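A.B. asks: Following this line is query.pdb, made up of PDB, C-alpha atoms:
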```pdb
ATOM      1  CA  MET A 116     -33.813  60.201 -32.550
ATOM      2  CA  GLY A 117     -35.339  63.437 -33.777
ATOM      3  CA  SER A 118     -33.030  66.062 -35.181
ATOM      4  CA  THR A 119     -34.998  69.115 -34.079
ATOM      5  CA  PRO A 120     -33.534  70.690 -30.950
ATOM      6  CA  TYR A 121     -35.780  71.431 -27.995
ATOM      7  CA  GLN A 122     -35.945  75.039 -26.899
ATOM      8  CA  VAL A 123     -35.935  74.131 -23.215
ATOM      9  CA  LEU A 124     -32.532  72.529 -23.777
ATOM     10  CA  LEU A 125     -31.181  75.304 -25.979
ATOM     11  CA  ASP A 126     -32.108  77.734 -23.212
ATOM     12  CA  ALA A 127     -29.777  75.906 -20.807
ATOM     13  CA  LEU A 128     -26.729  77.150 -22.690
ATOM     14  CA  ASP A 129     -25.321  80.456 -21.571
ATOM     15  CA  PRO A 130     -25.102  82.576 -24.747
ATOM     16  CA  GLY A 131     -21.557  83.507 -23.779
ATOM     17  CA  ALA A 132     -20.388  79.925 -23.274
ATOM     18  CA  ARG A 133     -19.848  78.625 -26.760
ATOM     19  CA  ARG A 134     -17.775  75.570 -27.480
ATOM     20  CA  GLU A 135     -14.162  76.288 -28.293
ATOM     21  CA  ASN A 136     -12.854  75.681 -31.765
ATOM     22  CA  GLY A 137      -9.515  74.337 -30.547
ATOM     23  CA  PRO A 138      -8.844  71.433 -28.180
ATOM     24  CA  PRO A 139     -12.028  71.480 -26.120
ATOM     25  CA  GLU A 140     -12.308  72.115 -22.458
ATOM     26  CA  LEU A 141      -8.732  71.665 -21.403
ATOM     27  CA  ASP A 142      -9.448  73.604 -18.259
ATOM     28  CA  HIS A 143     -12.693  71.835 -17.473
ATOM     29  CA  ALA A 144     -12.694  70.000 -14.153
ATOM     30  CA  PRO A 145     -15.579  67.545 -13.865
ATOM     31  CA  ASP A 146     -18.434  68.776 -11.685
ATOM     32  CA  PRO A 147     -20.218  66.485  -9.227
ATOM     33  CA  TRP A 148     -23.416  66.701 -11.292
ATOM     34  CA  GLU A 149     -21.638  64.918 -14.136
ATOM     35  CA  SER A 150     -21.165  61.784 -12.016
ATOM     36  CA  SER A 151     -24.767  62.007 -10.981
ATOM     37  CA  MET A 152     -25.811  62.273 -14.615
ATOM     38  CA  GLN A 153     -23.804  59.164 -15.438
ATOM     39  CA  ALA A 154     -25.627  57.278 -12.717
ATOM     40  CA  THR A 155     -28.935  58.489 -14.161
ATOM     41  CA  CYS A 156     -27.892  57.260 -17.618
ATOM     42  CA  GLU A 157     -26.955  53.878 -16.189
ATOM     43  CA  CYS A 158     -30.235  53.595 -14.314
ATOM     44  CA  LEU A 159     -32.219  54.485 -17.445
ATOM     45  CA  SER A 160     -30.361  51.782 -19.367
ATOM     46  CA  TRP A 161     -30.518  49.262 -16.548
ATOM     47  CA  ARG A 162     -34.270  49.666 -16.137
ATOM     48  CA  GLY A 163     -34.951  49.628 -19.860
ATOM     49  CA  THR A 164     -35.907  53.207 -20.783
ATOM     50  CA  LEU A 165     -32.875  54.361 -22.738
ATOM     51  CA  ASP A 166     -30.169  51.941 -23.782
ATOM     52  CA  ASN A 167     -26.621  53.167 -23.175
ATOM     53  CA  LEU A 168     -25.429  52.387 -26.685
ATOM     54  CA  GLU A 169     -28.391  54.180 -28.247
ATOM     55  CA  ARG A 170     -27.656  57.182 -26.035
ATOM     56  CA  ARG A 171     -24.008  57.205 -26.993
ATOM     57  CA  HIS A 172     -24.906  57.134 -30.676
ATOM     58  CA  ALA A 173     -27.372  59.946 -30.108
ATOM     59  CA  GLU A 174     -24.689  61.946 -28.252
ATOM     60  CA  ASP A 175     -22.404  61.591 -31.261
ATOM     61  CA  ALA A 176     -25.079  62.503 -33.776
ATOM     62  CA  LEU A 177     -26.801  65.346 -31.956
ATOM     63  CA  GLY A 178     -23.686  66.670 -30.252
ATOM     64  CA  GLU A 179     -22.088  67.352 -33.605
ATOM     65  CA  THR A 180     -25.205  68.862 -35.164
ATOM     66  CA  VAL A 181     -28.152  70.490 -33.419
ATOM     67  CA  TYR A 182     -26.359  70.812 -30.067
ATOM     68  CA  HIS A 183     -22.946  71.572 -31.521
ATOM     69  CA  ASP A 184     -22.501  74.692 -29.419
ATOM     70  CA  PHE A 185     -22.803  72.787 -26.172
ATOM     71  CA  PRO A 186     -19.615  71.828 -24.330
ATOM     72  CA  VAL A 187     -18.801  68.134 -24.743
ATOM     73  CA  HIS A 188     -19.163  67.391 -21.033
ATOM     74  CA  THR A 189     -22.813  68.510 -21.137
ATOM     75  CA  ARG A 190     -23.792  66.134 -23.922
ATOM     76  CA  SER A 191     -25.017  63.298 -21.728
ATOM     77  CA  ALA A 192     -27.406  65.617 -19.863
ATOM     78  CA  VAL A 193     -28.673  67.392 -22.962
ATOM     79  CA  VAL A 194     -29.014  64.328 -25.162
ATOM     80  CA  THR A 195     -30.572  62.156 -22.464
ATOM     81  CA  ALA A 196     -33.201  64.845 -21.943
ATOM     82  CA  HIS A 197     -33.641  65.156 -25.720
ATOM     83  CA  GLU A 198     -34.207  61.421 -26.072
ATOM     84  CA  LEU A 199     -36.717  61.333 -23.196
ATOM     85  CA  LEU A 200     -38.582  64.236 -24.792
ATOM     86  CA  ASP A 201     -38.502  62.528 -28.188
ATOM     87  CA  ARG A 202     -39.960  59.346 -26.738
ATOM     88  CA  GLY A 203     -42.729  61.206 -24.978
ATOM     89  CA  VAL A 204     -41.467  60.202 -21.555
ATOM     90  CA  LEU A 205     -41.147  63.895 -20.660
ATOM     91  CA  THR A 206     -42.817  66.981 -22.076
ATOM     92  CA  GLU A 207     -41.059  70.272 -22.608
ATOM     93  CA  GLU A 208     -43.529  71.973 -20.297
ATOM     94  CA  GLU A 209     -42.947  69.679 -17.346
ATOM     95  CA  LEU A 210     -39.188  69.714 -17.859
ATOM     96  CA  ARG A 211     -39.123  73.506 -17.954
ATOM     97  CA  ALA A 212     -41.340  73.707 -14.879
ATOM     98  CA  ARG A 213     -39.179  71.281 -12.971
ATOM     99  CA  MET A 214     -36.010  73.109 -13.954
ATOM    100  CA  ASP A 215     -37.556  76.331 -12.664
ATOM    101  CA  ALA A 216     -38.415  74.608  -9.386
ATOM    102  CA  VAL A 217     -34.951  73.104  -9.021
ATOM    103  CA  ARG A 218     -33.299  76.433  -9.816
ATOM    104  CA  ALA A 219     -35.416  78.191  -7.204
ATOM    105  CA  ARG A 220     -34.534  75.527  -4.650
ATOM    106  CA  LEU A 221     -30.794  75.788  -5.300
ATOM    107  CA  THR A 222     -30.761  79.554  -5.019
ATOM    108  CA  LEU A 223     -32.912  79.730  -1.885
ATOM    109  CA  GLN A 224     -30.913  81.557   0.784
TER
ATOM    110  CA  MET B 299     -24.723  59.975  21.544
ATOM    111  CA  THR B 300     -23.384  63.445  22.155
ATOM    112  CA  GLN B 301     -20.352  64.508  20.190
ATOM    113  CA  THR B 302     -18.185  67.486  20.977
ATOM    114  CA  HIS B 303     -16.030  69.503  18.642
ATOM    115  CA  ASP B 304     -12.680  70.864  19.631
ATOM    116  CA  HIS B 305     -12.603  73.552  16.988
ATOM    117  CA  ASN B 306     -14.348  76.871  16.651
ATOM    118  CA  HIS B 307     -17.072  77.036  14.020
ATOM    119  CA  ASP B 308     -17.033  80.810  14.152
ATOM    120  CA  THR B 309     -13.861  80.757  12.086
ATOM    121  CA  HIS B 310     -15.455  78.761   9.238
ATOM    122  CA  THR B 311     -16.672  80.457   6.123
ATOM    123  CA  PRO B 312     -20.419  79.858   5.902
ATOM    124  CA  ILE B 313     -21.552  77.700   2.984
ATOM    125  CA  GLN B 314     -23.459  79.907   0.622
ATOM    126  CA  SER B 315     -25.155  79.293  -2.651
ATOM    127  CA  SER B 316     -23.130  80.690  -5.484
ATOM    128  CA  SER B 317     -24.817  83.486  -7.368
ATOM    129  CA  GLY B 318     -24.591  81.608 -10.648
ATOM    130  CA  VAL B 319     -26.464  78.316 -10.798
ATOM    131  CA  ASN B 320     -25.108  75.824 -13.294
ATOM    132  CA  GLU B 321     -27.958  75.203 -15.733
ATOM    133  CA  PHE B 322     -26.738  71.698 -16.508
ATOM    134  CA  GLU B 323     -26.777  70.806 -12.836
ATOM    135  CA  VAL B 324     -30.367  72.062 -12.842
ATOM    136  CA  LEU B 325     -31.123  69.966 -15.925
ATOM    137  CA  GLU B 326     -29.577  66.857 -14.399
ATOM    138  CA  LEU B 327     -31.598  67.211 -11.217
ATOM    139  CA  ALA B 328     -34.814  67.915 -13.104
ATOM    140  CA  VAL B 329     -34.424  64.896 -15.406
ATOM    141  CA  ARG B 330     -33.528  62.621 -12.494
ATOM    142  CA  GLU B 331     -36.417  63.766 -10.334
ATOM    143  CA  LEU B 332     -38.949  63.411 -13.135
ATOM    144  CA  ALA B 333     -37.613  59.978 -14.072
ATOM    145  CA  ILE B 334     -37.938  58.822 -10.480
ATOM    146  CA  GLU B 335     -41.453  60.239 -10.176
ATOM    147  CA  LYS B 336     -42.475  58.426 -13.347
ATOM    148  CA  GLY B 337     -41.105  55.173 -11.993
ATOM    149  CA  LEU B 338     -38.369  54.757 -14.600
ATOM    150  CA  PHE B 339     -35.977  53.936 -11.766
ATOM    151  CA  SER B 340     -35.901  54.580  -8.062
ATOM    152  CA  ALA B 341     -33.922  57.000  -5.951
ATOM    153  CA  GLU B 342     -32.435  53.929  -4.302
ATOM    154  CA  ASP B 343     -31.297  52.634  -7.724
ATOM    155  CA  HIS B 344     -29.532  55.917  -8.342
ATOM    156  CA  ARG B 345     -27.932  56.053  -4.931
ATOM    157  CA  ARG B 346     -26.762  52.451  -5.152
ATOM    158  CA  PHE B 347     -25.297  52.975  -8.596
ATOM    159  CA  SER B 348     -23.474  56.120  -7.509
ATOM    160  CA  GLU B 349     -22.114  54.410  -4.409
ATOM    161  CA  TRP B 350     -20.980  51.397  -6.383
ATOM    162  CA  ALA B 351     -19.397  53.452  -9.181
ATOM    163  CA  GLU B 352     -17.439  55.512  -6.677
ATOM    164  CA  SER B 353     -16.275  52.441  -4.779
ATOM    165  CA  ILE B 354     -14.712  50.613  -7.743
ATOM    166  CA  GLY B 355     -10.997  50.503  -7.156
ATOM    167  CA  PRO B 356      -8.070  49.278  -9.258
ATOM    168  CA  SER B 357      -8.340  45.667  -8.057
ATOM    169  CA  GLY B 358      -9.874  44.545 -11.358
ATOM    170  CA  GLY B 359      -6.893  45.836 -13.288
ATOM    171  CA  SER B 360      -4.504  44.301 -10.771
ATOM    172  CA  LYS B 361      -6.157  40.915 -11.262
ATOM    173  CA  LEU B 362      -5.869  41.208 -15.032
ATOM    174  CA  VAL B 363      -2.153  41.959 -14.890
ATOM    175  CA  ALA B 364      -1.357  39.299 -12.297
ATOM    176  CA  LYS B 365      -3.277  36.695 -14.271
ATOM    177  CA  ALA B 366      -1.460  37.687 -17.461
ATOM    178  CA  TRP B 367       1.896  37.426 -15.694
ATOM    179  CA  VAL B 368       1.285  33.783 -14.725
ATOM    180  CA  ASP B 369      -0.815  32.645 -17.695
ATOM    181  CA  PRO B 370       0.716  33.344 -21.127
ATOM    182  CA  GLU B 371      -2.427  32.226 -22.938
ATOM    183  CA  PHE B 372      -4.541  34.666 -20.948
ATOM    184  CA  LYS B 373      -2.001  37.384 -21.659
ATOM    185  CA  THR B 374      -2.410  36.735 -25.390
ATOM    186  CA  ARG B 375      -6.183  36.982 -25.065
ATOM    187  CA  LEU B 376      -5.955  40.124 -22.953
ATOM    188  CA  LEU B 377      -3.717  41.918 -25.431
ATOM    189  CA  ALA B 378      -5.876  40.812 -28.361
ATOM    190  CA  ASP B 379      -9.276  41.772 -26.925
ATOM    191  CA  GLY B 380      -9.223  43.554 -23.577
ATOM    192  CA  THR B 381     -12.986  43.876 -23.308
ATOM    193  CA  GLU B 382     -13.574  40.176 -23.796
ATOM    194  CA  ALA B 383     -10.685  39.068 -21.555
ATOM    195  CA  CYS B 384     -12.034  41.218 -18.730
ATOM    196  CA  LYS B 385     -15.000  38.873 -18.444
ATOM    197  CA  GLU B 386     -12.595  36.187 -17.216
ATOM    198  CA  VAL B 387     -12.031  38.209 -14.047
ATOM    199  CA  GLY B 388     -15.704  39.148 -13.700
ATOM    200  CA  ILE B 389     -15.690  42.555 -15.396
ATOM    201  CA  ASP B 390     -18.193  43.103 -18.188
ATOM    202  CA  TRP B 391     -17.703  46.494 -19.826
ATOM    203  CA  LEU B 392     -21.036  46.223 -21.553
ATOM    204  CA  ASP B 393     -23.146  45.419 -18.548
ATOM    205  CA  PRO B 394     -23.861  48.357 -16.301
ATOM    206  CA  THR B 395     -25.869  46.234 -13.959
ATOM    207  CA  GLY B 396     -23.105  43.781 -13.207
ATOM    208  CA  VAL B 397     -19.512  44.645 -12.553
ATOM    209  CA  GLY B 398     -19.704  46.869 -15.577
ATOM    210  CA  THR B 399     -19.046  50.381 -16.480
ATOM    211  CA  PRO B 400     -20.262  53.802 -15.511
ATOM    212  CA  SER B 401     -21.341  55.062 -18.907
ATOM    213  CA  ASP B 402     -18.347  53.886 -20.881
ATOM    214  CA  TYR B 403     -19.358  52.088 -24.027
ATOM    215  CA  THR B 404     -15.901  51.692 -25.397
ATOM    216  CA  TYR B 405     -13.053  49.627 -26.664
ATOM    217  CA  PHE B 406     -10.508  48.619 -24.067
ATOM    218  CA  TYR B 407      -6.867  48.113 -24.958
ATOM    219  CA  VAL B 408      -4.149  46.744 -22.692
ATOM    220  CA  LEU B 409      -0.665  48.038 -23.466
ATOM    221  CA  GLU B 410       2.279  45.817 -22.648
ATOM    222  CA  ASN B 411       5.434  47.348 -21.262
ATOM    223  CA  THR B 412       8.699  45.744 -22.356
ATOM    224  CA  PRO B 413      12.366  46.466 -21.591
ATOM    225  CA  THR B 414      12.382  48.862 -24.558
ATOM    226  CA  VAL B 415       8.839  50.279 -24.548
ATOM    227  CA  HIS B 416       7.101  52.102 -21.725
ATOM    228  CA  ASN B 417       3.439  53.059 -22.056
ATOM    229  CA  VAL B 418       1.548  55.753 -20.182
ATOM    230  CA  ILE B 419      -2.057  56.907 -20.488
ATOM    231  CA  VAL B 420      -3.745  60.287 -20.451
ATOM    232  CA  CYS B 421      -6.919  61.964 -21.627
ATOM    233  CA  THR B 422      -6.055  65.309 -23.110
ATOM    234  CA  LEU B 423      -9.642  66.262 -23.954
ATOM    235  CA  CYS B 424     -11.273  65.589 -20.606
ATOM    236  CA  SER B 425     -10.714  62.829 -18.059
ATOM    237  CA  CYS B 426     -11.511  59.530 -19.813
ATOM    238  CA  TYR B 427     -10.221  56.660 -17.722
ATOM    239  CA  PRO B 428     -10.742  52.865 -17.679
ATOM    240  CA  ARG B 429     -13.012  52.988 -14.661
ATOM    241  CA  PRO B 430     -14.347  49.414 -14.799
ATOM    242  CA  VAL B 431     -10.807  48.150 -14.194
ATOM    243  CA  LEU B 432      -9.151  51.038 -12.313
ATOM    244  CA  GLY B 433     -12.017  52.781 -10.546
ATOM    245  CA  MET B 434     -12.132  56.550 -10.274
ATOM    246  CA  SER B 435      -9.168  58.457 -11.637
ATOM    247  CA  PRO B 436      -6.742  60.219  -9.299
ATOM    248  CA  ASP B 437      -7.063  63.982  -8.941
ATOM    249  CA  TRP B 438      -3.791  64.688 -10.712
ATOM    250  CA  TYR B 439      -4.849  62.636 -13.753
ATOM    251  CA  ARG B 440      -7.646  65.129 -14.371
ATOM    252  CA  THR B 441      -5.533  68.255 -14.038
ATOM    253  CA  PRO B 442      -4.825  70.365 -17.124
ATOM    254  CA  HIS B 443      -1.129  70.294 -16.242
ATOM    255  CA  TYR B 444      -0.861  66.507 -16.491
ATOM    256  CA  ARG B 445      -3.098  66.306 -19.558
ATOM    257  CA  ARG B 446      -1.403  69.103 -21.419
ATOM    258  CA  ARG B 447       2.184  68.409 -20.500
ATOM    259  CA  LEU B 448       2.341  64.598 -20.735
ATOM    260  CA  VAL B 449       1.789  64.575 -24.488
ATOM    261  CA  ARG B 450       4.422  67.238 -25.045
ATOM    262  CA  TRP B 451       7.072  66.334 -22.495
ATOM    263  CA  PRO B 452       6.394  62.725 -21.429
ATOM    264  CA  ARG B 453       9.850  61.972 -20.074
ATOM    265  CA  GLU B 454       9.925  65.121 -17.994
ATOM    266  CA  VAL B 455       6.472  64.498 -16.562
ATOM    267  CA  LEU B 456       7.311  60.874 -15.762
ATOM    268  CA  ALA B 457      10.480  62.073 -14.061
ATOM    269  CA  GLU B 458       8.298  64.202 -11.786
ATOM    270  CA  PHE B 459       6.707  60.931 -10.641
ATOM    271  CA  GLY B 460      10.198  59.543 -10.004
ATOM    272  CA  LEU B 461      10.296  57.491 -13.188
ATOM    273  CA  HIS B 462      13.379  57.984 -15.351
ATOM    274  CA  PHE B 463      14.099  56.380 -18.717
ATOM    275  CA  GLY B 464      17.181  56.482 -20.870
ATOM    276  CA  PRO B 465      17.187  56.936 -24.628
ATOM    277  CA  ASP B 466      17.072  53.159 -25.120
ATOM    278  CA  VAL B 467      13.468  53.084 -23.880
ATOM    279  CA  GLU B 468      10.719  54.376 -26.139
ATOM    280  CA  VAL B 469       7.977  56.196 -24.219
ATOM    281  CA  ARG B 470       4.527  55.906 -25.790
ATOM    282  CA  VAL B 471       1.703  58.176 -24.655
ATOM    283  CA  HIS B 472      -1.815  56.895 -25.294
ATOM    284  CA  ASP B 473      -4.552  59.503 -25.429
ATOM    285  CA  SER B 474      -7.921  58.165 -24.335
ATOM    286  CA  ASN B 475     -11.113  59.322 -25.947
ATOM    287  CA  GLN B 476     -14.822  58.796 -25.842
ATOM    288  CA  LYS B 477     -14.567  55.456 -27.576
ATOM    289  CA  SER B 478     -11.257  54.030 -26.400
ATOM    290  CA  ARG B 479      -9.815  53.320 -22.991
ATOM    291  CA  PHE B 480      -6.298  52.101 -22.269
ATOM    292  CA  MET B 481      -4.519  50.409 -19.397
ATOM    293  CA  VAL B 482      -0.838  49.629 -19.018
ATOM    294  CA  MET B 483       0.409  46.136 -18.298
ATOM    295  CA  PRO B 484       3.634  46.749 -16.406
ATOM    296  CA  MET B 485       6.542  44.344 -16.466
ATOM    297  CA  ARG B 486       6.687  41.732 -13.739
ATOM    298  CA  PRO B 487       9.448  42.753 -11.334
ATOM    299  CA  GLU B 488      12.326  40.566 -10.227
ATOM    300  CA  GLY B 489      11.958  38.818  -6.909
ATOM    301  CA  THR B 490       8.404  37.637  -7.550
ATOM    302  CA  GLU B 491       9.149  34.174  -8.898
ATOM    303  CA  GLY B 492       6.711  31.546  -7.653
ATOM    304  CA  TRP B 493       4.240  34.091  -6.261
ATOM    305  CA  THR B 494       0.532  33.398  -6.378
ATOM    306  CA  GLU B 495      -1.764  35.551  -8.533
ATOM    307  CA  GLU B 496      -3.217  37.115  -5.400
ATOM    308  CA  ARG B 497       0.196  38.109  -4.074
ATOM    309  CA  LEU B 498       1.226  39.456  -7.454
ATOM    310  CA  ALA B 499      -1.979  41.463  -7.775
ATOM    311  CA  ALA B 500      -1.161  43.297  -4.545
ATOM    312  CA  ILE B 501       1.926  44.911  -6.077
ATOM    313  CA  VAL B 502       0.143  45.946  -9.287
ATOM    314  CA  THR B 503      -0.965  49.335  -8.025
ATOM    315  CA  ARG B 504      -3.126  51.923  -9.762
ATOM    316  CA  ASP B 505      -0.190  54.078 -10.802
ATOM    317  CA  THR B 506       1.643  51.163 -12.422
ATOM    318  CA  MET B 507      -1.373  50.609 -14.673
ATOM    319  CA  ILE B 508      -1.564  54.292 -15.606
ATOM    320  CA  GLY B 509       2.124  54.099 -16.408
ATOM    321  CA  VAL B 510       3.576  56.624 -13.991
ATOM    322  CA  ALA B 511       5.173  53.951 -11.804
ATOM    323  CA  GLN B 512       6.631  50.478 -12.005
ATOM    324  CA  PRO B 513       5.732  47.630  -9.656
ATOM    325  CA  LYS B 514       8.186  46.576  -7.002
ATOM    326  CA  ALA B 515       8.273  43.276  -5.143
ATOM    327  CA  ASP B 516       8.400  45.058  -1.797
ATOM    328  CA  TRP B 517       5.653  47.630  -2.365
ATOM    329  CA  THR B 518       1.875  47.546  -2.235
ATOM    330  CA  ALA B 519      -0.391  50.581  -2.194
ATOM    331  CA  THR B 520      -2.287  49.346   0.852
ATOM    332  CA  SER B 521       0.453  50.059   3.359
ATOM    333  CA  SER B 522       1.684  53.464   4.393
ATOM    334  CA  PRO B 523       4.910  54.443   2.612
ATOM    335  CA  SER B 524       6.383  55.466   5.953
ATOM    336  CA  ALA B 525       5.323  52.283   7.772
ATOM    337  CA  GLY B 526       8.350  50.258   6.754
TER
END
```
Turn this file's structure into structure tokens for me.
C.D. replies:
Amino acid sequence: MGSTPYQVLLDALDPGARRENGPPELDHAPDPWESSMQATCECLSWRGTLDNLERRHAEDALGETVYHDFPVHTRSAVVTAHELLDRGVLTEEELRARMDAVRARLTLQ
Amino acid sequence: MTQTHDHNHDTHTPIQSSSGVNEFEVLELAVRELAIEKGLFSAEDHRRFSEWAESIGPSGGSKLVAKAWVDPEFKTRLLADGTEACKEVGIDWLDPTGVGTPSDYTYFYVLENTPTVHNVIVCTLCSCYPRPVLGMSPDWYRTPHYRRRLVRWPREVLAEFGLHFGPDVEVRVHDSNQKSRFMVMPMRPEGTEGWTEERLAAIVTRDTMIGVAQPKADWTATSSPSAG
């Protein structure tokens, strides 16, 4: 696990949405994408790309350091992407391009 | 087949995209789509896993409790090592491809209720829940009101569920976290002597294993409360 954050992931955090210093996220209600992310994590582990235990360790390590500002409930998404980038499975360019495409699709009226 | 509606769609609020797109939802979709395109797993894998994870109910927990009620040696094993004892009823917390867990790589502790100790579980930080044995958590379990108030006023909150304890009963609140999950083993109620494990499991409902209810010999969660 590399300890250098990826800019494409840092850009996902709204500058105004910093992690609280007190008990975190008491008012956070889980979003549907979080369940979907869990299923993605399980599939990655199941099919041998990213072991669940390795991911959980990476969430602990990176979530408390380079991605400290991110809300706890976003860790699985951010750290899974970080690990896939680290392993060369994804590139920053293709991830950024796909995020742009997804964003455009979701906002299409 | 033609279906007809008996309500007026003109009165519905149209579904519209919100102006603010959640960037983490975007990230999740992007990672999933790229992973599927690269053949790391299939869309069918993801759909099946989601469907399965959402369909897990509390029957695993019910089996654990019923088995512990009739088998003292199993009860000892269950209280000593919940994760390992779960395998005896077909639940492997460490195997996401079997009857395992949606993303929970954790320790699992079973908490035994006694005449003088009542346990109840919560997750104050988010919504951690022992999903491999209880399925998806109820809506109220995830509300800030339950999470915030249970740790401060447990007896009052339990009373709101209709559960009242006198001063002779100690109420213990167990706060779940990323690494630890808890489940309550309620006391076996009177009137169940000689019952089979299967019959006992039917009265061990979800709420009794969260700790906001106690099992009753004449109540299962599969029948309507107003039916009888």
A.B. asks: Let me make sure I understand: among B:Val420, B:Val324, B:Ala457, B:Val319, which one has the smallest atom-to-atom distance to Leu124 (chain A) if we use all atoms listed in the file?
C.D. replies: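 Smallest distance to Leu124 (chain A) is found for B:Val324.
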A.B. asks: When you draw a straight line from CA of Arg447 (chain B) to CA of Leu376 (chain B), how long is it in Å?
C.D. replies: 29.5 Å
A.B. asks: Taking the file as I've supplied it (selection: the ChimeraX specification (/A :<6) & /B), which residues are included? Please answer as a ChimeraX atom specification.
C.D. replies: /B:321,323-324,326,328,347-348,401,442
A.B. asks: I need the output of the PyMOL selection byres ((chain B and resi 501-510) around 7) for this file as a list of chain:residue names; which residues are they?
C.D. replies: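 When the PyMOL selection byres ((chain B and resi 501-510) around 7) is applied, the selected residues are B:Pro356, B:Ser360, B:Asn417, B:Val418, B:Ile419, B:Leu432, B:Leu456, B:Phe459, B:Leu461, B:Met481, B:Val482, B:Met483, B:Pro484, B:Leu498, B:Ala499, B:Ala500, B:Ala511, B:Gln512, B:Pro513, B:Lys514, B:Ala515, B:Trp517, B:Thr518, B:Ala519.
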A.B. asks: Interatomic distance between CA of Ser435 (chain B) and CA of Leu177 (chain A)?
C.D. replies: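 Distance between the two atoms: 27.8 Å.
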A.B. asks: Using all atoms listed in the file, which of the listed residues (A:Arg202, A:Tyr121, A:Phe185, A:Val194) sits closest to Ala173 (chain A)?
C.D. replies: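 Ranking A:Arg202, A:Tyr121, A:Phe185, A:Val194 by distance to Ala173 (chain A), first place goes to A:Val194.
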A.B. asks: Have a look at CA of Arg429 (chain B) and CA of Glu331 (chain B) and let me know their distance in Å, one decimal.
C.D. replies: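 Computing it gives 26.1 Å between the two atoms.
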A.B. asks: Counting only C-alpha atoms, which of B:Glu491, B:Glu342, B:Asp390, B:Asp379 gets nearest to Pro430 (chain B)?
C.D. replies: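 Closest candidate: B:Asp390.
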A.B. asks: Can you list, as an MDAnalysis selection string, the residues that the PyMOL selection byres ((chain B and resi 480) around 6) selects here?
C.D. replies: chainID B and resid 406:408 479 481
A.B. asks: Please report, as lines of an AutoDock Vina configuration file, the centre and edge lengths in Å to one decimal of an axis-aligned box covering all listed atoms of region 166-173 of chain A with 6 Å per side.
C.D. replies:
```
center_x = -27.1
center_y = 55.9
center_z = -26.9
size_x = 18.2
size_y = 20.0
size_z = 19.5
```
